[in-house]
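A.B. asks: Below is the file input-v5.txt, which contains compact mmCIF, C-alpha atoms and all ligand atoms.
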```txt
# COMPACT_ATOMS: atom_id res chain seq x y z
CA MET D 1 5.43 -5.15 26.62
CA ILE D 2 3.71 -2.40 24.55
CA GLU D 3 -0.07 -2.53 24.76
CA ILE D 4 -1.87 -0.04 22.55
CA LYS D 5 -5.64 -0.06 23.10
CA ASN D 6 -8.28 1.80 21.10
CA VAL D 7 -6.11 4.85 20.52
CA ASN D 8 -7.68 7.81 18.71
CA LYS D 9 -5.82 10.97 17.78
CA TYR D 10 -6.81 14.16 16.02
CA PHE D 11 -4.73 16.96 14.57
CA GLY D 12 -7.39 19.68 14.75
CA GLU D 13 -10.38 18.32 12.81
CA ASN D 14 -8.28 15.67 11.12
CA GLN D 15 -8.49 12.22 12.72
CA VAL D 16 -5.09 10.60 12.12
CA LEU D 17 -5.43 7.50 14.34
CA THR D 18 -8.73 5.63 14.55
CA ASP D 19 -9.26 2.97 17.17
CA VAL D 20 -5.72 1.61 16.93
CA SER D 21 -5.04 -1.49 19.02
CA VAL D 22 -1.73 -3.38 18.87
CA ASP D 23 0.08 -5.62 21.34
CA ILE D 24 3.81 -5.80 20.83
CA GLU D 25 5.57 -8.59 22.66
CA GLN D 26 8.89 -8.52 24.48
CA GLY D 27 11.80 -9.38 22.20
CA GLU D 28 9.99 -9.33 18.88
CA ILE D 29 10.70 -7.25 15.78
CA PHE D 30 7.34 -5.73 14.97
CA GLY D 31 6.70 -4.00 11.64
CA ILE D 32 4.23 -1.22 10.89
CA ILE D 33 3.84 -0.66 7.16
CA GLY D 34 1.64 1.67 5.16
CA HIS D 35 1.55 4.40 2.54
CA SER D 36 2.61 7.96 3.24
CA GLY D 37 0.19 9.70 5.59
CA ALA D 38 -1.17 6.44 7.04
CA GLY D 39 -0.31 7.58 10.57
CA LYS D 40 2.70 5.32 11.19
CA SER D 41 5.05 7.98 12.57
CA THR D 42 2.28 9.50 14.65
CA LEU D 43 1.56 6.11 16.23
CA LEU D 44 5.25 5.52 16.92
CA ARG D 45 5.59 8.96 18.48
CA CYS D 46 2.59 8.29 20.71
CA ILE D 47 4.48 5.33 22.19
CA ASN D 48 7.25 7.53 23.58
CA ARG D 49 4.89 10.46 24.09
CA LEU D 50 6.57 12.75 21.59
CA GLU D 51 2.89 13.04 20.59
CA THR D 52 -0.14 12.99 22.85
CA PHE D 53 -3.31 11.10 21.92
CA ASP D 54 -6.95 11.88 22.62
CA THR D 55 -8.51 8.63 23.81
CA GLY D 56 -7.41 5.05 24.43
CA SER D 57 -4.35 3.85 26.32
CA ILE D 58 -0.72 2.90 25.69
CA VAL D 59 1.06 0.86 28.33
CA VAL D 60 4.82 0.27 28.05
CA ASP D 61 6.36 -2.18 30.52
CA GLY D 62 3.41 -1.67 32.84
CA ASN D 63 3.56 2.17 32.67
CA ASN D 64 0.56 3.98 31.29
CA VAL D 65 2.23 6.57 29.05
CA GLY D 66 -0.90 8.75 28.93
CA ASN D 67 -0.49 9.96 32.50
CA LEU D 68 3.17 10.21 33.45
CA ASN D 69 4.77 13.06 35.36
CA GLU D 70 7.96 14.64 34.06
CA LYS D 71 10.34 12.30 35.82
CA GLU D 72 8.38 9.24 34.73
CA LEU D 73 8.36 10.56 31.17
CA ARG D 74 12.16 10.91 31.26
CA ASP D 75 12.46 7.33 32.50
CA LEU D 76 10.09 6.15 29.78
CA ARG D 77 12.18 7.81 27.06
CA LYS D 78 15.38 6.37 28.53
CA ASN D 79 13.82 2.98 28.05
CA LEU D 80 12.74 3.71 24.44
CA GLY D 81 15.61 4.38 22.02
CA MET D 82 14.66 5.92 18.69
CA ILE D 83 16.24 6.23 15.24
CA PHE D 84 15.08 8.18 12.19
CA GLN D 85 15.38 8.27 8.43
CA HIS D 86 17.78 11.22 8.43
CA PHE D 87 19.91 10.09 11.37
CA SER D 88 19.65 13.41 13.34
CA LEU D 89 23.37 13.62 14.15
CA LEU D 90 25.10 16.81 15.28
CA GLU D 91 27.46 17.83 12.48
CA ARG D 92 29.86 19.77 14.72
CA LYS D 93 30.48 16.81 16.99
CA THR D 94 32.53 13.70 16.31
CA VAL D 95 31.04 10.22 16.13
CA PHE D 96 32.19 9.57 19.71
CA GLU D 97 30.67 12.83 20.97
CA ASN D 98 27.37 12.18 19.21
CA VAL D 99 27.00 8.79 20.85
CA ALA D 100 28.16 10.13 24.22
CA LEU D 101 25.53 12.89 24.26
CA PRO D 102 22.65 11.11 26.05
CA MET D 103 24.97 9.83 28.79
CA GLU D 104 26.43 13.32 29.25
CA CYS D 105 22.95 14.75 29.63
CA PHE D 106 22.26 12.24 32.38
CA GLY D 107 25.58 13.14 34.07
CA PHE D 108 27.42 9.83 33.81
CA PRO D 109 31.15 9.84 34.80
CA LYS D 110 33.61 10.33 31.91
CA ASP D 111 35.30 6.93 32.18
CA GLU D 112 31.98 5.11 32.15
CA ILE D 113 30.88 7.11 29.10
CA LYS D 114 34.12 6.23 27.29
CA ARG D 115 33.77 2.55 28.06
CA ARG D 116 30.11 2.38 27.02
CA VAL D 117 30.48 4.46 23.84
CA GLU D 118 33.45 2.43 22.62
CA GLU D 119 31.63 -0.81 23.38
CA LEU D 120 28.61 0.36 21.34
CA LEU D 121 30.70 1.69 18.44
CA ASP D 122 32.36 -1.70 18.35
CA LEU D 123 28.96 -3.43 18.37
CA VAL D 124 27.75 -1.40 15.38
CA GLY D 125 31.08 -1.85 13.57
CA ILE D 126 32.44 1.72 13.37
CA LEU D 127 34.85 2.02 16.26
CA ASP D 128 37.54 3.09 13.78
CA LYS D 129 35.43 6.16 12.86
CA LYS D 130 35.06 7.48 16.39
CA ASP D 131 37.01 10.70 15.80
CA ASP D 132 35.38 11.47 12.44
CA LYS D 133 32.69 14.05 11.89
CA PRO D 134 29.36 12.80 10.45
CA ARG D 135 30.00 14.51 7.09
CA ASN D 136 32.87 12.09 6.49
CA LEU D 137 30.60 9.06 6.85
CA SER D 138 28.35 7.22 4.40
CA GLY D 139 24.59 7.02 5.04
CA GLY D 140 24.89 3.50 6.40
CA GLN D 141 27.70 4.53 8.75
CA LYS D 142 25.65 7.51 9.96
CA GLN D 143 22.74 5.23 10.76
CA ARG D 144 25.15 3.01 12.71
CA VAL D 145 26.13 6.03 14.80
CA ALA D 146 22.45 6.81 15.38
CA ILE D 147 21.81 3.21 16.44
CA ALA D 148 24.73 3.30 18.88
CA ARG D 149 23.43 6.58 20.31
CA ALA D 150 19.93 5.12 20.70
CA LEU D 151 21.37 2.21 22.69
CA THR D 152 23.47 4.19 25.18
CA MET D 153 20.86 4.16 27.95
CA SER D 154 20.31 0.39 27.51
CA PRO D 155 16.70 0.74 26.39
CA SER D 156 14.45 -2.29 26.26
CA VAL D 157 12.76 -1.01 23.08
CA LEU D 158 14.16 0.51 19.90
CA LEU D 159 11.67 2.54 17.85
CA CYS D 160 12.74 2.90 14.20
CA ASP D 161 11.02 5.43 11.95
CA GLU D 162 11.94 4.70 8.32
CA ALA D 163 15.45 3.85 9.49
CA THR D 164 16.52 2.47 6.13
CA SER D 165 14.47 4.62 3.75
CA ALA D 166 17.37 6.92 2.85
CA LEU D 167 19.74 4.02 2.14
CA ASP D 168 20.49 1.99 -0.98
CA PRO D 169 19.39 -1.69 -1.02
CA LYS D 170 22.78 -3.12 -0.04
CA THR D 171 23.23 -0.71 2.85
CA THR D 172 19.62 -1.33 3.88
CA ASN D 173 20.44 -5.03 4.14
CA SER D 174 23.48 -4.40 6.29
CA ILE D 175 21.50 -2.14 8.67
CA LEU D 176 18.69 -4.70 8.86
CA SER D 177 21.22 -7.42 9.72
CA LEU D 178 22.67 -5.18 12.40
CA LEU D 179 19.23 -4.55 13.91
CA GLN D 180 18.52 -8.27 13.87
CA GLU D 181 21.84 -8.94 15.60
CA ILE D 182 21.05 -6.32 18.26
CA ASN D 183 17.63 -7.87 18.76
CA GLU D 184 19.16 -11.31 19.24
CA LYS D 185 22.21 -10.31 21.30
CA LEU D 186 20.58 -7.75 23.58
CA GLY D 187 16.99 -9.04 23.53
CA ILE D 188 15.73 -5.57 22.62
CA THR D 189 12.19 -5.26 21.27
CA ILE D 190 12.23 -3.43 17.94
CA VAL D 191 9.34 -1.55 16.34
CA MET D 192 10.01 -0.81 12.66
CA VAL D 193 7.89 1.79 10.91
CA THR D 194 8.45 1.62 7.18
CA HIS D 195 6.92 1.85 3.73
CA GLN D 196 9.48 -0.63 2.38
CA MET D 197 8.13 -4.14 1.88
CA GLU D 198 11.66 -5.55 1.93
CA VAL D 199 12.15 -4.41 5.53
CA ILE D 200 9.04 -6.23 6.65
CA LYS D 201 9.89 -9.33 4.69
CA GLN D 202 13.42 -9.52 5.94
CA ILE D 203 13.27 -9.02 9.67
CA CYS D 204 9.79 -8.47 11.11
CA THR D 205 8.29 -11.37 13.01
CA ARG D 206 4.83 -9.77 13.07
CA THR D 207 3.43 -6.92 11.05
CA ALA D 208 0.57 -4.43 11.10
CA ILE D 209 -0.66 -2.85 7.87
CA MET D 210 -1.94 0.71 8.36
CA ASP D 211 -4.00 2.88 6.06
CA GLY D 212 -5.90 6.10 6.75
CA GLY D 213 -5.08 5.97 10.47
CA LYS D 214 -6.44 2.44 10.91
CA ILE D 215 -4.85 -0.96 11.36
CA LEU D 216 -6.22 -3.04 8.51
CA GLU D 217 -4.43 -6.31 9.19
CA ILE D 218 -2.13 -7.63 11.86
CA GLY D 219 -0.42 -10.99 12.16
CA ASN D 220 2.65 -13.13 11.54
CA THR D 221 4.52 -11.63 8.60
CA GLU D 222 4.66 -14.95 6.81
CA ASP D 223 0.89 -15.41 7.11
CA ILE D 224 0.26 -11.90 5.82
CA PHE D 225 2.31 -12.65 2.71
CA LEU D 226 0.85 -16.08 2.26
CA ASN D 227 -2.77 -14.92 2.63
CA ASN D 228 -2.13 -11.86 0.46
CA ASN D 229 -5.40 -10.34 1.63
CA LYS D 230 -6.88 -7.07 0.47
CA PRO D 231 -4.79 -4.74 2.69
CA LEU D 232 -1.53 -6.20 1.38
CA ARG D 233 -2.77 -6.25 -2.20
CA LYS D 234 -3.82 -2.63 -1.87
CA LEU D 235 -0.39 -1.75 -0.54
CA LEU D 236 1.24 -3.57 -3.44
CA GLY D 237 -1.28 -2.24 -5.98
CA GLU D 238 -2.45 -5.73 -6.96
CA GLU D 239 -5.89 -7.11 -7.74
CA ASN D 240 -7.24 -10.61 -7.32
CA ILE D 241 -8.00 -12.12 -10.70
CA VAL D 242 -11.07 -14.36 -10.58
CA LEU D 243 -13.59 -15.83 -13.02
CA PRO D 244 -17.24 -14.70 -12.95
CA SER D 245 -18.79 -18.19 -12.85
CA GLY D 246 -18.15 -21.28 -10.72
CA THR D 247 -16.25 -20.94 -7.45
CA ASN D 248 -12.83 -19.33 -7.10
CA LEU D 249 -10.49 -20.75 -4.51
CA LYS D 250 -7.08 -19.49 -3.51
CA LEU D 251 -4.67 -22.27 -2.55
CA LEU D 252 -1.75 -21.32 -0.35
CA PHE D 253 1.51 -23.15 -0.89
CA THR D 254 4.33 -23.21 1.59
CA ASN D 255 7.70 -24.79 0.85
CA ASP D 256 6.75 -28.34 1.76
CA MET D 257 3.62 -28.24 -0.39
CA SER D 258 4.88 -26.56 -3.53
CA ASN D 259 6.08 -29.67 -5.30
CA LYS D 260 3.05 -31.86 -4.91
CA SER D 261 0.81 -32.23 -7.92
CA ILE D 262 -2.30 -31.40 -5.99
CA ILE D 263 -4.34 -29.79 -8.74
CA THR D 264 -3.99 -32.56 -11.29
CA GLY D 265 -4.48 -35.21 -8.61
CA MET D 266 -7.65 -33.53 -7.42
CA ALA D 267 -9.09 -33.07 -10.92
CA ARG D 268 -8.48 -36.75 -11.67
CA GLU D 269 -9.75 -38.13 -8.41
CA LEU D 270 -12.88 -35.96 -8.21
CA ASP D 271 -13.46 -36.08 -11.94
CA ILE D 272 -13.99 -32.31 -12.28
CA ASP D 273 -12.53 -29.59 -14.49
CA VAL D 274 -10.22 -27.24 -12.67
CA SER D 275 -9.13 -23.99 -14.32
CA ILE D 276 -6.00 -22.27 -13.15
CA VAL D 277 -6.80 -18.56 -13.03
CA PHE D 278 -3.82 -16.85 -11.44
CA GLY D 279 -0.62 -17.79 -9.69
CA LYS D 280 2.05 -16.00 -7.73
CA LEU D 281 5.31 -17.07 -6.15
CA GLU D 282 7.03 -14.98 -3.55
CA LYS D 283 10.43 -15.43 -1.95
CA PHE D 284 10.12 -15.03 1.77
CA ARG D 285 13.42 -15.33 3.69
CA GLU D 286 14.55 -18.92 3.02
CA ASP D 287 11.15 -20.05 1.76
CA ILE D 288 9.13 -19.79 -1.39
CA LEU D 289 5.50 -18.94 -0.72
CA GLY D 290 2.97 -19.39 -3.46
CA SER D 291 -0.67 -18.79 -4.06
CA LEU D 292 -2.77 -20.14 -6.86
CA ILE D 293 -6.30 -19.11 -7.70
CA ILE D 294 -8.29 -21.96 -9.23
CA ASN D 295 -11.84 -22.05 -10.54
CA ILE D 296 -14.04 -25.09 -9.95
CA PRO D 297 -17.52 -25.87 -11.33
CA ASP D 298 -20.70 -25.03 -9.42
CA GLY D 299 -21.70 -27.83 -7.08
CA SER D 300 -18.21 -29.23 -6.56
CA LEU D 301 -17.16 -27.03 -3.64
CA GLU D 302 -17.97 -29.50 -0.88
CA LYS D 303 -15.94 -32.39 -2.29
CA VAL D 304 -13.07 -30.07 -3.25
CA GLU D 305 -12.94 -28.72 0.31
CA GLN D 306 -12.93 -32.27 1.61
CA TYR D 307 -10.09 -33.19 -0.73
CA LEU D 308 -7.99 -30.15 0.17
CA THR D 309 -8.48 -30.79 3.87
CA ASN D 310 -7.38 -34.41 3.44
CA VAL D 311 -4.14 -33.44 1.71
CA GLY D 312 -3.43 -30.72 4.28
CA MET D 313 -3.75 -27.78 1.92
CA ARG D 314 -4.58 -24.25 3.12
CA TRP D 315 -7.16 -22.44 1.02
CA GLN D 316 -9.67 -19.60 1.01
CA GLU D 317 -12.69 -18.88 -1.12
CA VAL D 318 -12.11 -15.62 -3.00
CA ASP D 319 -14.11 -13.01 -4.79
CA ASN D 320 -13.04 -9.63 -6.09
CA GLU D 321 -13.51 -8.04 -2.75
CA LEU D 322 -11.49 -10.31 -0.47
N1 LIG Y 401 2.16 17.96 13.56
C1 LIG Y 401 1.12 17.72 12.73
N2 LIG Y 401 0.12 18.60 12.60
C2 LIG Y 401 -0.95 18.35 11.81
N3 LIG Y 401 -1.10 17.23 11.08
C3 LIG Y 401 -0.12 16.31 11.15
C4 LIG Y 401 1.05 16.51 11.97
N4 LIG Y 401 1.85 15.42 11.84
C5 LIG Y 401 1.23 14.59 10.98
N5 LIG Y 401 0.05 15.12 10.56
C6 LIG Y 401 -0.92 14.47 9.66
O1 LIG Y 401 -1.23 13.20 10.20
C7 LIG Y 401 -1.34 12.22 9.18
C8 LIG Y 401 -0.42 11.06 9.47
O2 LIG Y 401 0.92 11.50 9.39
P1 LIG Y 401 2.17 10.57 9.71
O3 LIG Y 401 3.38 11.41 9.64
O4 LIG Y 401 1.91 9.84 10.98
O5 LIG Y 401 2.11 9.54 8.50
P2 LIG Y 401 3.17 8.43 8.07
O6 LIG Y 401 2.40 7.18 7.89
O7 LIG Y 401 4.30 8.42 9.01
O8 LIG Y 401 3.63 8.96 6.63
P3 LIG Y 401 5.10 8.90 5.92
O9 LIG Y 401 5.22 7.52 5.36
O10 LIG Y 401 4.98 9.93 4.85
O11 LIG Y 401 6.11 9.23 6.95
C9 LIG Y 401 -1.05 12.94 7.87
O12 LIG Y 401 -2.29 13.26 7.29
C10 LIG Y 401 -0.33 14.20 8.29
O13 LIG Y 401 -0.59 15.24 7.41
MG MG Y 402 6.33 8.84 8.80
```
Now that the file is in, can you turn its structure into structure tokens?

C.D. replies:
Amino acid sequence: MIEIKNVNKYFGENQVLTDVSVDIEQGEIFGIIGHSGAGKSTLLRCINRLETFDTGSIVVDGNNVGNLNEKELRDLRKNLGMIFQHFSLLERKTVFENVALPMECFGFPKDEIKRRVEELLDLVGILDKKDDKPRNLSGGQKQRVAIARALTMSPSVLLCDEATSALDPKTTNSILSLLQEINEKLGITIVMVTHQMEVIKQICTRTAIMDGGKILEIGNTEDIFLNNNKPLRKLLGEENIVLPSGTNLKLLFTNDMSNKSIITGMARELDIDVSIVFGKLEKFREDILGSLIINIPDGSLEKVEQYLTNVGMRWQEVDNEL
């Protein structure tokens, strides 16, 4: 659906995207998370060619966005709706007129515009506000208008740049639910750029972590949280706590594993001392994900690995650097 391959981009001397490769599949909600200045917005804007890039390729629905003529570029942008942190609504126009704008630009007949705009305002839950001006709306309502406007041309992709960053947590939740509903009902692929972990946790099926213009990790969101590798820990400002001697192992618990007394069972059966070094539980959608760092004596790694494999446990060996 969106294939980004080895993209590099400079602003003057400053390289802001380095060898970025991401495949985003049809119908998924894909998250891109990273600190300020990581290059998230730049990458998103390369997808709809609001920005150019220097090398590499981006293919959207089979179209290579790097070499489109003006008409093809217009068609590309029709197919890629976009919403922003600060909504970008026209203050002088009513809610209805704001949403109608793209269709007016493309010269659609008035009755078709009316039908489509009202249908979309109904979908986003603010049909009753259609004659209001944006200043009379709350932030969440303004973002609903922006979402409706982004959907007017029936795009197959919705690009969201910090769409919930200006909203309080409760309103953020309601906008995330709306985006999820749109994804399910209309089958639209959604790309969410954000620095909010909650956004990723709540609705993104897969996630890329960006830092310094590079993709550091990419995968299923649940796996990223479960593995809690260095890129995520860096983003969260966490460090792995490990002991200097013996071997440190990180055990990964998913819901079905959390209640089993694996550690005590293993210590008893293998007749070894096991120290518990660090533990963390994380709520992830309906599940509780946990990780536990244990320390085992030198020479016991092989039988511990065997034991963990037999009971179906996921684990990784860890050091300070992982
Ligand atoms: N038009 C521009 N001209 C020059 N440099 C730019 C321009 N736009 C962005 N940059 C630089 O590119 C880098 C990436 O910026 P970008 O806006 O993509 O980051 P971001 O991850 O979206 O950050 P934020 O979370 O703050 O929105 C930054 O170092 C920024 O200063
Ligand atoms: Mg940005």

A.B. asks: Take atom CA of Leu251 of chain D and atom CA of Thr194 of chain D and report the distance between them in Å, one decimal.

C.D. replies: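 Atom-to-atom, atom CA of Leu251 of chain D to atom CA of Thr194 of chain D, that is 28.9 Å.
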
A.B. asks: Which of these, D:Val242, D:Ile288, D:Leu151, D:Leu137, has the shortest distance to Glu119 of chain D once you count all atoms listed in the file?

C.D. replies: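 Of D:Val242, D:Ile288, D:Leu151, D:Leu137, the one nearest Glu119 of chain D, counting all atoms listed in the file, is D:Leu151.
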
A.B. asks: Identify which of the residues D:Leu179, D:Leu68, D:Met210, D:Val95 lies closest to ligand MG 402 (chain Y), counting all atoms listed in the file when measuring atom-to-atom distances.

C.D. replies: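 Result for the nearest residue to ligand MG 402 (chain Y): D:Met210.
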
A.B. asks: Write out as an NGL selection string each polymer residue (protein, DNA or RNA) that has an atom no more than 12 Å from ligand LIG 401 (chain Y), with all atoms listed in the file counted.

C.D. replies: :D and (8-18 or 32-46 or 50-52 or 84-86 or 160-163 or 165 or 192-196 or 209-215)

A.B. asks: How far is it from atom CA of Ser174 of chain D to atom CA of Asn227 of chain D, in Å with one decimal?

C.D. replies: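 Atom-to-atom, atom CA of Ser174 of chain D to atom CA of Asn227 of chain D, that is 28.5 Å.
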
A.B. asks: To one decimal place, how far is atom CA of Val124 of chain D from atom CA of Arg144 of chain D in Å?

C.D. replies: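 About the pair atom CA of Val124 of chain D and atom CA of Arg144 of chain D: they are 5.8 Å apart.
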
A.B. asks: With distances taken over all atoms listed in the file, which residue among D:Lys71, D:Lys5, D:Glu97, D:Met313 lies nearest Val59 of chain D?

C.D. replies: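 For Val59 of chain D, the nearest of the given residues is D:Lys5.
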
A.B. asks: Out of D:Gly125, D:Val311, D:Asn183, D:Ser138, which residue has the shortest atom-to-atom distance to Ser261 of chain D when counting all atoms listed in the file?

C.D. replies: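 Of the candidates, the smallest distance to Ser261 of chain D is held by D:Val311.
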
A.B. asks: Write out as number ranges by chain which residues come within 12 Å of segment 60-63 of chain D when counting all atoms listed in the file, dropping same-chain ones fewer than 4 positions away.

C.D. replies: D: 1-5, 22-26, 46-49, 67-69, 72-73, 75-77, 79-80, 155-157, 189
